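First comes the structure, then the notes that go with it.
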Amino acid sequence: NTENFRATNIRYFQEQNKQVLKALEKVEEERDEANAVIKQWEERQAKLQSEYDRFAARLEATQQAAEKSRAEIQAKDEHIRVLSEQNKHLLGLLETEETKSREIAEEKEGVDQEHDRLTKIAEEYTTVKKTTEQHIALANGEVTKLQMELQSGHEENAELRAAAANYEAQIKVDLQSLEAALANAKAKNVQYLQQMQHNDVNEHRL
């Protein structure tokens, strides 16, 4: 009966040791999975940073192009204003000098041609200005969208990092608890074996 009881207890503690070891292995697997998730999000963060840098470069180039277009538009506006004032002045002179010689008539014809040319320039300028404003609006919309996507990616990455840190901390706590339980079980095993040895010695003495 003593031998059976001893064997039963030994099997019981061996089974407990196996369960504790399995639990430790599971915790280590979960820790490895958490580390893999953290690594994936770190790689994603690096990719997002690279995309942000690329988008920032595109934004700067777009802004520079927009500033250049604005400067060109302002210069053309001033040029057309000056030419329009000159044209009005010439037309006014022609209207008051209708009775003058053929040379004045030819001059008026030249002025009319110049007016047509300026009108064409003004129309081309209007078209270019409209196209440029559309391009600037599209570029600004694209930049805003990219900035929103990048901000969302940063927020998501921060949340995942916090969750991973909490998960890892919990795993450490569970692992410490399991290690304490294993140490306690080992201590009990040693104590039990010592007691059994003591009992064996007493039985032999009897």
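Every chain in the structure tokens has a letter given in the order shown (A, B, ...), and although residue numbers restart at 1 in each chain, ligands are simply numbered from 1 in the order shown.
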May I have the residues within 8 Å of region 49-64 of chain A as a ChimeraX atom specification, using only C-alpha atoms and disregarding those fewer than 6 positions away in the same chain? /A:136,139,143,146,150
Would you write out those residues with N, CA and C atoms, as a tab-separated table (two decimals), in the first residue's frame?
chain	number	residue	atom	x	y	z
A	136	ILE	N	-3.88	73.12	-59.21
A	136	ILE	CA	-3.54	73.43	-57.82
A	136	ILE	C	-4.58	72.85	-56.86
A	139	ALA	N	-4.04	69.11	-56.67
A	139	ALA	CA	-2.84	68.81	-55.88
A	139	ALA	C	-3.09	69.01	-54.39
A	143	VAL	N	-2.87	66.16	-51.48
A	143	VAL	CA	-2.01	66.33	-50.30
A	143	VAL	C	-2.82	66.15	-49.02
A	146	LEU	N	-3.54	62.45	-48.51
A	146	LEU	CA	-2.35	61.72	-48.08
A	146	LEU	C	-2.03	62.01	-46.62
A	150	LEU	N	-1.90	59.26	-43.63
A	150	LEU	CA	-0.71	59.09	-42.81
A	150	LEU	C	-1.03	59.26	-41.33
Skip Gln113 (chain A) itself and residues of its chain fewer than 6 positions away, then list as a list in words all residues within 12 Å of it, counting only C-alpha atoms. Asn87, Leu90, Leu91, Glu106, Glu107, Thr119 and Lys120 of chain A
Write a file of the just-selected residues containing N, CA and C atoms, as an mmCIF file, in the first residue's frame.
data_model
loop_
_atom_site.group_PDB
_atom_site.id
_atom_site.type_symbol
_atom_site.label_atom_id
_atom_site.label_comp_id
_atom_site.auth_asym_id
_atom_site.auth_seq_id
_atom_site.Cartn_x
_atom_site.Cartn_y
_atom_site.Cartn_z
ATOM 1 N N ASN A 87 -4.049 99.830 -75.437
ATOM 2 C CA ASN A 87 -5.005 99.589 -76.510
ATOM 3 C C ASN A 87 -6.194 100.558 -76.425
ATOM 4 N N LEU A 90 -5.088 103.924 -77.623
ATOM 5 C CA LEU A 90 -4.974 103.975 -79.083
ATOM 6 C C LEU A 90 -6.350 104.028 -79.749
ATOM 7 N N LEU A 91 -7.273 103.241 -79.236
ATOM 8 C CA LEU A 91 -8.630 103.252 -79.800
ATOM 9 C C LEU A 91 -9.280 104.626 -79.610
ATOM 10 N N GLU A 106 -4.489 103.343 -91.735
ATOM 11 C CA GLU A 106 -3.643 102.145 -91.684
ATOM 12 C C GLU A 106 -3.162 101.890 -90.244
ATOM 13 N N GLU A 107 -2.882 103.005 -89.573
ATOM 14 C CA GLU A 107 -2.480 102.853 -88.173
ATOM 15 C C GLU A 107 -3.601 102.228 -87.350
ATOM 16 N N THR A 119 -6.450 90.351 -77.423
ATOM 17 C CA THR A 119 -7.648 89.606 -77.005
ATOM 18 C C THR A 119 -7.367 88.113 -76.985
ATOM 19 N N LYS A 120 -6.646 87.640 -77.997
ATOM 20 C CA LYS A 120 -6.284 86.219 -78.057
ATOM 21 C C LYS A 120 -5.374 85.858 -76.887
#
Name the residues in contact with region 2-16 of chain A at a cut-off of 9 Å, using only C-alpha atoms, excluding same-chain residues fewer than 4 positions from it; report them as a PyMOL selection string. chain A and resi 20-21+182+185-186+188-189+192-193+196
Could you jot down the CA of Leu138 (chain A) to CA of Gln45 (chain A) separation for me, Å, one decimal place?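 Here the two named atoms are 27.1 Å from each other.
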Could you check which of A:Ile38, A:Ile121, A:Ala46, A:Asp112 is closest to His79 (chain A), using only C-alpha atoms? A:Ile121
So the first atom is CA of Thr126 (chain A) and the second is CA of Gln74 (chain A); what is the distance between them in Å, to one decimal place?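 The value is 12.1 Å.
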Could you check which of A:Arg81, A:His89, A:Arg161, A:Lys108 is closest to Ala122 (chain A), using only C-alpha atoms?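 Closest to Ala122 (chain A), using only C-alpha atoms: A:Arg81.
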Using CA of Thr132 (chain A) and CA of Glu149 (chain A) as the two end points, give the distance in Å to one decimal.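 Taking CA of Thr132 (chain A) and CA of Glu149 (chain A), their separation equals 25.7 Å.
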Out of A:Glu103, A:Glu29, A:Glu142, A:Glu124, which residue has the shortest atom-to-atom distance to Asp77 (chain A) when counting only C-alpha atoms? A:Glu124
Calculated over only C-alpha atoms, which of the candidates A:Leu118, A:Val190, A:Ala23, A:Leu175 has the smallest distance to Leu83 (chain A)?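 Counting only C-alpha atoms, the residue closest to Leu83 (chain A) is A:Leu118.
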Which residues come within 8 Å of Ala34 (chain A), counting only C-alpha atoms, excluding same-chain residues fewer than 5 positions away, as a ChimeraX atom specification? /A:164,167-168
